[in-house]
Amino acid sequence: ATGNEELGEKADLDFHLAIADASFNPLLIRLMNHVSDLMIEAMKETRRILLFSNHSTLETLYDQHANILEAIVQQNPEMAREKMLKHLEHIENELMNYLNETDFH
(Lines give C-alpha, C1' and ligand atoms only; values in the text may rest on other atoms or scores of the structure.)
Protein backbone atom coordinates (compact mmCIF):
# COMPACT_ATOMS: atom_id res chain seq x y z
CA ALA A 1 0.00 0.00 0.00
CA THR A 2 2.99 2.29 -0.47
CA GLY A 3 1.83 5.68 -1.66
CA ASN A 4 -1.79 5.12 -0.65
CA GLU A 5 -2.27 6.18 2.96
CA GLU A 6 -5.89 5.06 3.20
CA LEU A 7 -5.13 1.62 1.81
CA GLY A 8 -2.08 1.33 4.07
CA GLU A 9 -4.12 2.16 7.16
CA LYS A 10 -6.80 -0.35 6.17
CA ALA A 11 -4.19 -3.05 5.52
CA ASP A 12 -2.58 -2.34 8.90
CA LEU A 13 -5.90 -2.64 10.74
CA ASP A 14 -6.91 -5.73 8.73
CA PHE A 15 -3.62 -7.40 9.68
CA HIS A 16 -4.22 -6.89 13.38
CA LEU A 17 -7.89 -7.93 13.14
CA ALA A 18 -6.91 -11.08 11.23
CA ILE A 19 -4.52 -12.04 14.01
CA ALA A 20 -7.31 -11.59 16.54
CA ASP A 21 -9.66 -13.71 14.39
CA ALA A 22 -7.01 -16.41 14.02
CA SER A 23 -6.67 -16.60 17.79
CA PHE A 24 -10.21 -18.01 18.07
CA ASN A 25 -10.38 -16.07 21.33
CA PRO A 26 -13.92 -14.66 21.39
CA LEU A 27 -13.04 -11.99 23.95
CA LEU A 28 -10.08 -10.73 21.93
CA ILE A 29 -12.11 -10.78 18.71
CA ARG A 30 -14.98 -8.81 20.29
CA LEU A 31 -12.56 -6.36 21.87
CA MET A 32 -10.67 -5.73 18.64
CA ASN A 33 -13.88 -5.30 16.67
CA HIS A 34 -15.31 -3.01 19.33
CA VAL A 35 -12.27 -0.71 19.32
CA SER A 36 -11.57 -0.93 15.58
CA ASP A 37 -12.82 2.61 14.92
CA LEU A 38 -10.50 3.91 17.64
CA MET A 39 -7.68 1.80 16.23
CA ILE A 40 -8.20 3.30 12.77
CA GLU A 41 -7.82 6.82 14.13
CA ALA A 42 -4.86 5.88 16.32
CA MET A 43 -3.10 4.05 13.47
CA LYS A 44 -3.75 6.95 11.09
CA GLU A 45 -2.19 9.45 13.49
CA THR A 46 0.65 7.10 14.44
CA ARG A 47 1.53 6.39 10.83
CA ARG A 48 1.42 10.13 10.05
CA ILE A 49 3.78 10.92 12.93
CA LEU A 50 6.17 8.07 12.20
CA LEU A 51 6.37 8.65 8.48
CA PHE A 52 6.59 12.43 8.62
CA SER A 53 9.11 12.45 11.45
CA ASN A 54 11.43 10.18 9.42
CA HIS A 55 11.89 7.96 12.48
CA SER A 56 10.35 4.95 10.85
CA THR A 57 9.56 3.72 7.41
CA LEU A 58 6.85 1.69 5.82
CA GLU A 59 9.48 -0.98 5.19
CA THR A 60 10.23 -1.26 8.92
CA LEU A 61 6.54 -1.62 9.76
CA TYR A 62 6.08 -4.11 6.93
CA ASP A 63 9.09 -6.16 8.08
CA GLN A 64 7.75 -6.25 11.63
CA HIS A 65 4.37 -7.46 10.38
CA ALA A 66 6.08 -10.05 8.18
CA ASN A 67 8.03 -11.34 11.20
CA ILE A 68 4.83 -11.65 13.22
CA LEU A 69 3.12 -13.49 10.37
CA GLU A 70 6.08 -15.84 9.93
CA ALA A 71 5.95 -16.81 13.60
CA ILE A 72 2.21 -17.49 13.27
CA VAL A 73 2.74 -19.57 10.12
CA GLN A 74 5.41 -21.56 11.99
CA GLN A 75 2.85 -22.04 14.79
CA ASN A 76 5.35 -20.65 17.25
CA PRO A 77 3.29 -18.72 19.83
CA GLU A 78 6.31 -17.61 21.87
CA MET A 79 8.02 -16.15 18.80
CA ALA A 80 4.74 -14.53 17.70
CA ARG A 81 4.32 -12.95 21.13
CA GLU A 82 7.93 -11.75 21.07
CA LYS A 83 7.60 -10.28 17.56
CA MET A 84 4.29 -8.56 18.39
CA LEU A 85 5.75 -7.13 21.59
CA LYS A 86 8.79 -5.89 19.66
CA HIS A 87 6.47 -4.25 17.10
CA LEU A 88 4.38 -2.53 19.77
CA GLU A 89 7.48 -1.40 21.67
CA HIS A 90 8.94 0.01 18.45
CA ILE A 91 5.79 2.05 17.84
CA GLU A 92 5.73 3.22 21.46
CA ASN A 93 9.41 4.23 21.38
CA GLU A 94 9.03 6.09 18.11
CA LEU A 95 6.03 8.00 19.43
CA MET A 96 7.83 8.85 22.66
CA ASN A 97 10.85 10.08 20.68
CA TYR A 98 8.57 12.22 18.54
CA LEU A 99 6.82 13.70 21.56
CA ASN A 100 10.13 14.43 23.28
CA GLU A 101 11.43 16.23 20.17
CA THR A 102 8.36 18.42 19.74
CA ASP A 103 6.67 20.97 21.90
CA PHE A 104 3.84 18.49 22.50
CA HIS A 105 4.11 17.89 26.22
# chains A, B, ... in the order shown; residues from 1 in each chain; ligands from 1

call {"tool": "residues_around", "arguments": {"residues": "stretch 5-18 of chain A", "least_positions_apart": "4", "cutoff": "7 Å", "atoms": "only C-alpha atoms", "output": "VMD selection string"}}
result
chain A and resid 1 22 32 40 43 to 44

call {"tool": "residues_around", "arguments": {"residues": "A:Leu95", "least_positions_apart": "3", "cutoff": "9 Å", "atoms": "only C-alpha atoms", "output": "list in words"}}
result
Thr46, Ile49, Leu50, His90, Ile91, Glu92, Tyr98, Leu99 and Asn100 of chain A

call {"tool": "select_by_dssp", "arguments": {"residues": "stretch 32-80 of chain A", "states": "alpha helix (DSSP H)", "output": "PDB file with N, CA, C and O atoms, in the first residue's frame"}}
result
ATOM      1  N   MET A  32     -11.286  -6.358  19.815  1.00  0.00           N
ATOM      2  CA  MET A  32     -10.667  -5.733  18.642  1.00  0.00           C
ATOM      3  C   MET A  32     -11.721  -5.133  17.720  1.00  0.00           C
ATOM      4  O   MET A  32     -11.535  -4.029  17.202  1.00  0.00           O
ATOM      5  N   ASN A  33     -12.818  -5.833  17.519  1.00  0.00           N
ATOM      6  CA  ASN A  33     -13.879  -5.298  16.668  1.00  0.00           C
ATOM      7  C   ASN A  33     -14.538  -4.088  17.313  1.00  0.00           C
ATOM      8  O   ASN A  33     -14.899  -3.136  16.631  1.00  0.00           O
ATOM      9  N   HIS A  34     -14.680  -4.119  18.619  1.00  0.00           N
ATOM     10  CA  HIS A  34     -15.305  -3.013  19.334  1.00  0.00           C
ATOM     11  C   HIS A  34     -14.460  -1.742  19.260  1.00  0.00           C
ATOM     12  O   HIS A  34     -14.998  -0.636  19.151  1.00  0.00           O
ATOM     13  N   SER A  36     -12.171  -1.097  16.914  1.00  0.00           N
ATOM     14  CA  SER A  36     -11.568  -0.932  15.585  1.00  0.00           C
ATOM     15  C   SER A  36     -11.644   0.502  15.081  1.00  0.00           C
ATOM     16  O   SER A  36     -10.699   0.984  14.444  1.00  0.00           O
ATOM     17  N   ASP A  37     -12.738   1.216  15.361  1.00  0.00           N
ATOM     18  CA  ASP A  37     -12.816   2.612  14.925  1.00  0.00           C
ATOM     19  C   ASP A  37     -11.752   3.459  15.622  1.00  0.00           C
ATOM     20  O   ASP A  37     -11.115   4.312  14.998  1.00  0.00           O
ATOM     21  N   LEU A  38     -11.557   3.205  16.917  1.00  0.00           N
ATOM     22  CA  LEU A  38     -10.499   3.914  17.643  1.00  0.00           C
ATOM     23  C   LEU A  38      -9.126   3.536  17.103  1.00  0.00           C
ATOM     24  O   LEU A  38      -8.234   4.378  17.010  1.00  0.00           O
ATOM     25  N   MET A  39      -8.960   2.261  16.768  1.00  0.00           N
ATOM     26  CA  MET A  39      -7.679   1.798  16.228  1.00  0.00           C
ATOM     27  C   MET A  39      -7.373   2.474  14.898  1.00  0.00           C
ATOM     28  O   MET A  39      -6.224   2.839  14.638  1.00  0.00           O
ATOM     29  N   ILE A  40      -8.407   2.653  14.068  1.00  0.00           N
ATOM     30  CA  ILE A  40      -8.202   3.301  12.771  1.00  0.00           C
ATOM     31  C   ILE A  40      -7.654   4.704  12.979  1.00  0.00           C
ATOM     32  O   ILE A  40      -6.665   5.102  12.352  1.00  0.00           O
ATOM     33  N   GLU A  41      -8.280   5.460  13.872  1.00  0.00           N
ATOM     34  CA  GLU A  41      -7.823   6.823  14.129  1.00  0.00           C
ATOM     35  C   GLU A  41      -6.426   6.836  14.739  1.00  0.00           C
ATOM     36  O   GLU A  41      -5.589   7.653  14.366  1.00  0.00           O
ATOM     37  N   ALA A  42      -6.177   5.939  15.683  1.00  0.00           N
ATOM     38  CA  ALA A  42      -4.857   5.884  16.318  1.00  0.00           C
ATOM     39  C   ALA A  42      -3.787   5.487  15.310  1.00  0.00           C
ATOM     40  O   ALA A  42      -2.689   6.068  15.284  1.00  0.00           O
ATOM     41  N   MET A  43      -4.079   4.490  14.475  1.00  0.00           N
ATOM     42  CA  MET A  43      -3.102   4.055  13.472  1.00  0.00           C
ATOM     43  C   MET A  43      -2.848   5.159  12.456  1.00  0.00           C
ATOM     44  O   MET A  43      -1.711   5.370  12.035  1.00  0.00           O
ATOM     45  N   LYS A  44      -3.901   5.862  12.066  1.00  0.00           N
ATOM     46  CA  LYS A  44      -3.747   6.945  11.094  1.00  0.00           C
ATOM     47  C   LYS A  44      -2.802   8.012  11.651  1.00  0.00           C
ATOM     48  O   LYS A  44      -1.863   8.437  10.976  1.00  0.00           O
ATOM     49  N   GLU A  45      -3.028   8.428  12.880  1.00  0.00           N
ATOM     50  CA  GLU A  45      -2.190   9.452  13.490  1.00  0.00           C
ATOM     51  C   GLU A  45      -0.776   8.930  13.740  1.00  0.00           C
ATOM     52  O   GLU A  45       0.210   9.626  13.491  1.00  0.00           O
ATOM     53  N   THR A  46      -0.664   7.692  14.192  1.00  0.00           N
ATOM     54  CA  THR A  46       0.652   7.100  14.444  1.00  0.00           C
ATOM     55  C   THR A  46       1.453   7.002  13.165  1.00  0.00           C
ATOM     56  O   THR A  46       2.629   7.379  13.134  1.00  0.00           O
ATOM     57  N   ARG A  47       0.822   6.517  12.103  1.00  0.00           N
ATOM     58  CA  ARG A  47       1.527   6.395  10.828  1.00  0.00           C
ATOM     59  C   ARG A  47       1.956   7.775  10.321  1.00  0.00           C
ATOM     60  O   ARG A  47       3.050   7.939   9.808  1.00  0.00           O
ATOM     61  N   ARG A  48       1.087   8.780  10.482  1.00  0.00           N
ATOM     62  CA  ARG A  48       1.420  10.129  10.048  1.00  0.00           C
ATOM     63  C   ARG A  48       2.655  10.625  10.799  1.00  0.00           C
ATOM     64  O   ARG A  48       3.602  11.129  10.200  1.00  0.00           O
ATOM     65  N   ILE A  49       2.653  10.452  12.102  1.00  0.00           N
ATOM     66  CA  ILE A  49       3.779  10.916  12.931  1.00  0.00           C
ATOM     67  C   ILE A  49       5.053  10.166  12.559  1.00  0.00           C
ATOM     68  O   ILE A  49       6.099  10.777  12.345  1.00  0.00           O
ATOM     69  N   LEU A  50       4.971   8.863  12.478  1.00  0.00           N
ATOM     70  CA  LEU A  50       6.171   8.073  12.203  1.00  0.00           C
ATOM     71  C   LEU A  50       6.746   8.376  10.834  1.00  0.00           C
ATOM     72  O   LEU A  50       7.952   8.520  10.666  1.00  0.00           O
ATOM     73  N   LEU A  51       5.884   8.469   9.838  1.00  0.00           N
ATOM     74  CA  LEU A  51       6.374   8.652   8.478  1.00  0.00           C
ATOM     75  C   LEU A  51       6.852  10.077   8.245  1.00  0.00           C
ATOM     76  O   LEU A  51       7.853  10.296   7.570  1.00  0.00           O
ATOM     77  N   PHE A  52       6.171  11.051   8.818  1.00  0.00           N
ATOM     78  CA  PHE A  52       6.586  12.430   8.616  1.00  0.00           C
ATOM     79  C   PHE A  52       7.762  12.821   9.495  1.00  0.00           C
ATOM     80  O   PHE A  52       8.456  13.777   9.207  1.00  0.00           O
ATOM     81  N   LEU A  58       7.827   2.726   6.122  1.00  0.00           N
ATOM     82  CA  LEU A  58       6.849   1.691   5.817  1.00  0.00           C
ATOM     83  C   LEU A  58       7.521   0.323   5.759  1.00  0.00           C
ATOM     84  O   LEU A  58       6.920  -0.674   6.148  1.00  0.00           O
ATOM     85  N   GLU A  59       8.768   0.288   5.293  1.00  0.00           N
ATOM     86  CA  GLU A  59       9.478  -0.978   5.192  1.00  0.00           C
ATOM     87  C   GLU A  59       9.697  -1.602   6.569  1.00  0.00           C
ATOM     88  O   GLU A  59       9.569  -2.813   6.738  1.00  0.00           O
ATOM     89  N   THR A  60      10.026  -0.758   7.553  1.00  0.00           N
ATOM     90  CA  THR A  60      10.225  -1.261   8.916  1.00  0.00           C
ATOM     91  C   THR A  60       8.927  -1.860   9.447  1.00  0.00           C
ATOM     92  O   THR A  60       8.923  -2.964  10.000  1.00  0.00           O
ATOM     93  N   LEU A  61       7.828  -1.124   9.284  1.00  0.00           N
ATOM     94  CA  LEU A  61       6.541  -1.619   9.758  1.00  0.00           C
ATOM     95  C   LEU A  61       6.154  -2.901   9.021  1.00  0.00           C
ATOM     96  O   LEU A  61       5.664  -3.855   9.628  1.00  0.00           O
ATOM     97  N   TYR A  62       6.387  -2.922   7.717  1.00  0.00           N
ATOM     98  CA  TYR A  62       6.083  -4.115   6.930  1.00  0.00           C
ATOM     99  C   TYR A  62       6.919  -5.304   7.405  1.00  0.00           C
ATOM    100  O   TYR A  62       6.399  -6.415   7.583  1.00  0.00           O
ATOM    101  N   ASP A  63       8.212  -5.079   7.617  1.00  0.00           N
ATOM    102  CA  ASP A  63       9.094  -6.159   8.077  1.00  0.00           C
ATOM    103  C   ASP A  63       8.644  -6.697   9.433  1.00  0.00           C
ATOM    104  O   ASP A  63       8.669  -7.913   9.661  1.00  0.00           O
ATOM    105  N   GLN A  64       8.226  -5.801  10.320  1.00  0.00           N
ATOM    106  CA  GLN A  64       7.747  -6.248  11.625  1.00  0.00           C
ATOM    107  C   GLN A  64       6.493  -7.101  11.475  1.00  0.00           C
ATOM    108  O   GLN A  64       6.360  -8.143  12.120  1.00  0.00           O
ATOM    109  N   HIS A  65       5.578  -6.669  10.625  1.00  0.00           N
ATOM    110  CA  HIS A  65       4.367  -7.462  10.378  1.00  0.00           C
ATOM    111  C   HIS A  65       4.723  -8.808   9.755  1.00  0.00           C
ATOM    112  O   HIS A  65       4.148  -9.835  10.119  1.00  0.00           O
ATOM    113  N   ALA A  66       5.666  -8.797   8.818  1.00  0.00           N
ATOM    114  CA  ALA A  66       6.080 -10.053   8.179  1.00  0.00           C
ATOM    115  C   ALA A  66       6.683 -11.009   9.203  1.00  0.00           C
ATOM    116  O   ALA A  66       6.437 -12.231   9.145  1.00  0.00           O
ATOM    117  N   ASN A  67       7.449 -10.493  10.148  1.00  0.00           N
ATOM    118  CA  ASN A  67       8.035 -11.337  11.198  1.00  0.00           C
ATOM    119  C   ASN A  67       6.956 -11.937  12.092  1.00  0.00           C
ATOM    120  O   ASN A  67       7.047 -13.109  12.490  1.00  0.00           O
ATOM    121  N   ILE A  68       5.952 -11.143  12.418  1.00  0.00           N
ATOM    122  CA  ILE A  68       4.833 -11.652  13.224  1.00  0.00           C
ATOM    123  C   ILE A  68       4.112 -12.753  12.462  1.00  0.00           C
ATOM    124  O   ILE A  68       3.845 -13.833  13.006  1.00  0.00           O
ATOM    125  N   LEU A  69       3.819 -12.496  11.191  1.00  0.00           N
ATOM    126  CA  LEU A  69       3.122 -13.491  10.373  1.00  0.00           C
ATOM    127  C   LEU A  69       3.934 -14.778  10.249  1.00  0.00           C
ATOM    128  O   LEU A  69       3.384 -15.880  10.365  1.00  0.00           O
ATOM    129  N   GLU A  70       5.229 -14.655  10.055  1.00  0.00           N
ATOM    130  CA  GLU A  70       6.082 -15.841   9.928  1.00  0.00           C
ATOM    131  C   GLU A  70       6.022 -16.691  11.194  1.00  0.00           C
ATOM    132  O   GLU A  70       5.945 -17.916  11.124  1.00  0.00           O
ATOM    133  N   ALA A  71       6.041 -16.058  12.341  1.00  0.00           N
ATOM    134  CA  ALA A  71       5.946 -16.809  13.600  1.00  0.00           C
ATOM    135  C   ALA A  71       4.603 -17.520  13.706  1.00  0.00           C
ATOM    136  O   ALA A  71       4.531 -18.661  14.175  1.00  0.00           O
ATOM    137  N   ILE A  72       3.544 -16.864  13.245  1.00  0.00           N
ATOM    138  CA  ILE A  72       2.214 -17.493  13.269  1.00  0.00           C
ATOM    139  C   ILE A  72       2.176 -18.675  12.315  1.00  0.00           C
ATOM    140  O   ILE A  72       1.685 -19.754  12.662  1.00  0.00           O
ATOM    141  N   VAL A  73       2.710 -18.487  11.112  1.00  0.00           N
ATOM    142  CA  VAL A  73       2.741 -19.570  10.115  1.00  0.00           C
ATOM    143  C   VAL A  73       3.521 -20.766  10.661  1.00  0.00           C
ATOM    144  O   VAL A  73       3.135 -21.917  10.455  1.00  0.00           O
ATOM    145  N   PRO A  77       3.943 -19.797  19.071  1.00  0.00           N
ATOM    146  CA  PRO A  77       3.293 -18.716  19.825  1.00  0.00           C
ATOM    147  C   PRO A  77       4.275 -17.842  20.604  1.00  0.00           C
ATOM    148  O   PRO A  77       4.061 -16.640  20.729  1.00  0.00           O
ATOM    149  N   GLU A  78       5.337 -18.411  21.114  1.00  0.00           N
ATOM    150  CA  GLU A  78       6.311 -17.610  21.866  1.00  0.00           C
ATOM    151  C   GLU A  78       7.000 -16.610  20.943  1.00  0.00           C
ATOM    152  O   GLU A  78       7.177 -15.435  21.291  1.00  0.00           O
ATOM    153  N   MET A  79       7.390 -17.055  19.763  1.00  0.00           N
ATOM    154  CA  MET A  79       8.018 -16.153  18.803  1.00  0.00           C
ATOM    155  C   MET A  79       7.018 -15.093  18.343  1.00  0.00           C
ATOM    156  O   MET A  79       7.371 -13.913  18.219  1.00  0.00           O
ATOM    157  N   ALA A  80       5.763 -15.487  18.118  1.00  0.00           N
ATOM    158  CA  ALA A  80       4.745 -14.530  17.697  1.00  0.00           C
ATOM    159  C   ALA A  80       4.536 -13.466  18.767  1.00  0.00           C
ATOM    160  O   ALA A  80       4.449 -12.269  18.469  1.00  0.00           O
TER     161      ALA A  80
END
